[in-house]
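Peer 1: First the structure, then my questions, so here it is.
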Amino acid sequence: MKQVLQDKTQAELAEVVARAGEKSFRARQLGEGLIHGKRISEIPVSADLRARLLEEYEDEPVRIERVFTAKDGTQKFLFALADGNLIEGVLMKYKYGNTQCVSTQVGCRMGCKFCASTLGGLVRNLTAGEILGQILVVNRLLGGGLKDKRAVTNVVLMGSGEPFDNYDNVVRFLRNVTDGDGIGISARNISLSTCGLADRMRTFAEEGIPLNLTVSLHAVTDAERARTMPVANAFSIAEILDACAFYFQKTGRRYIFEYSLIAGENADLVHADALAQLLRGRPCHVNLIRLNAVKERSLRAADEANAQAFLKRLLSHGISATLRRSMGSDIGGACGQLRASYLENGKGNEAEPMS
């Protein structure tokens with residue numbers, strides 16, 4: 001596999017152009033073409049520069065392979081990478097704009113039992129440009145441009161993979177996607193979800209990227225958490241809470257806990273009371289999630305009445321909380337389900353092929 005040109009900053013593109021003996025304005029042409037989601041072969045630079053670039057860099061590092069549209073308008077994308085690997089992403093449409101969920105790895109090695117991404121383990125990390133490329137090709141498909149003309153307005157790193165297990169590439173992606181010389185998405189419009197790698201959370205707090213930090217908690221004790229999340233054997237809930245407090249100290253940004261409601265596991269009112277006790281007085285929000293069933297797992301979702309009762313109990317304790325609206329469940333709502341189905345069967349639900 002060749003290098004990925006979308007990994008580079010505008011300053012680094014200028015260096016590439018200079019080494020090729022081209023005039024400096026070519027770097028701006030090149031950068032704008034890439035940010036508009038164009039292949040190298042489509043960008044109007046000199047034929048000599050284009051030929052040089054294609055020798056070293058992938059013409060199309062991320063391509064939309066299939067689009068799956070849910071009844072509620074949510075779209076799931078199956079992306080093909082230059083080496084033949086597949087990843088997936090989701091576009092959710094809200095009144096305030098379009099939020100795209102991106103993947104950071106091919107597969108995942110965290111082993112969370114409610115997630116389909118981990119079923120085949122970790123294949124490889126994505127480069128910064130491959131993460132960015134998912135946004136660029138969708139933005140282009142939707143007719144979006146740069147900055148205030150973007151069709152993709154918000155980004156969540158909640159697709160396949162653990163972002164902090166691919167730390168360097170993810171941080172580089174975040175710097176590039178928020179760069180005013182690039183697509184220019186504000187850090188405040190970006191959310192990153194981690195399963196709780198407390199050491200990386202503390203390191204990230206020092207990076208100066210004040211995004212919305214979201215932590216998958218899903219339990220109130222370490223023993224319960226370890227039943228569904230192997231990472232609990234490496235980092236305790238106390239360590240995670242300390243890392244969250246450090247993140248708030250450094251950024252001034254409140255943090256979010258995701259809590260999937262699993263029938264018979266963590267969804268009764270006793271757990272609601274314990275969760276409230278654990279989080280009382282902390283600058284945080286709880287995002288309750290209706291569990292998406294994964295056929296290879298035995299976990300069951302709590303019913304709607306249970307979910308509403310859990311939410312009501314948290315609110316009665318003064319905990320900021322919401323119940324996430326279920327979107328795209330009819331096209332494989334859980335992370336990794338679309339890719340797993342496609343690899344197994346060669347197809348998913350009703351799909352729109354992309355040429």
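So you can find residues: chains in the structure tokens are A, B, ... in the order shown, residues in each start at 1, and ligands are numbered from 1 in order.
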Excluding same-chain residues fewer than 5 positions from stretch 173-180 of chain A, what lies within 8 Å of it counting only C-alpha atoms, as JSON, numbers by chain?

Peer 2: {"A": [7, 8, 9, 128, 129, 131, 132, 185, 186, 187, 209]}

Peer 1: What parts of stretch 116-295 of chain A does DSSP call strand (DSSP E or B)? I'd like the answer as JSON, numbers by chain.

Peer 2: {"A": [122, 123, 124, 125, 154, 155, 156, 157, 190, 191, 192, 193, 194, 212, 213, 214, 215, 216, 255, 256, 257, 258, 259, 260, 261, 262, 284, 285, 286, 287, 288, 289, 290]}

Peer 1: I need the residue nearest A:Gly31 from this list: A:Gly281, A:Gly264, A:Gly182, A:Pro230. Use only C-alpha atoms for the distance.

Peer 2: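 Result for the nearest residue to A:Gly31: A:Gly182.
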
Peer 1: Please determine, counting only C-alpha atoms, which residue among A:Thr194, A:Gln249, A:Asn292, A:Asn306 has the shortest atom-to-atom distance to A:Asp268.

Peer 2: A:Asn306

Peer 1: List the neighbours of A:Lys113 out to 9 Å using only C-alpha atoms; skip same-chain residues closer than 5 positions along the sequence, and give me the result as a short mmCIF file (atom, residue, chain, number, x, y, z; two decimals) with N, CA and C atoms, in the first residue's frame.

Peer 2:
data_model
loop_
_atom_site.label_atom_id
_atom_site.label_comp_id
_atom_site.auth_asym_id
_atom_site.auth_seq_id
_atom_site.Cartn_x
_atom_site.Cartn_y
_atom_site.Cartn_z
N THR A 118 -15.42 -6.04 17.50
CA THR A 118 -14.34 -6.84 18.07
C THR A 118 -14.38 -8.30 17.66
N LEU A 119 -15.41 -8.71 16.93
CA LEU A 119 -15.59 -10.13 16.66
C LEU A 119 -14.42 -10.75 15.91
N ARG A 227 -17.21 -8.15 33.20
CA ARG A 227 -17.99 -9.20 32.55
C ARG A 227 -18.29 -8.87 31.09
N THR A 228 -18.37 -7.60 30.77
CA THR A 228 -18.67 -7.21 29.38
C THR A 228 -17.54 -6.43 28.72
N MET A 229 -16.58 -5.92 29.52
CA MET A 229 -15.51 -5.09 28.99
C MET A 229 -14.16 -5.54 29.56
N PRO A 230 -13.38 -6.31 28.80
CA PRO A 230 -12.08 -6.77 29.29
C PRO A 230 -11.13 -5.66 29.73
N VAL A 294 -26.43 -7.95 19.12
CA VAL A 294 -25.41 -8.53 18.25
C VAL A 294 -25.64 -10.04 18.27
N ARG A 297 -23.66 -12.55 20.25
CA ARG A 297 -23.61 -12.37 21.70
C ARG A 297 -24.97 -12.71 22.31
N SER A 298 -24.99 -12.96 23.61
CA SER A 298 -26.23 -13.35 24.28
C SER A 298 -26.86 -12.20 25.06
N LEU A 299 -26.30 -11.00 24.98
CA LEU A 299 -26.83 -9.87 25.74
C LEU A 299 -28.16 -9.41 25.17
#
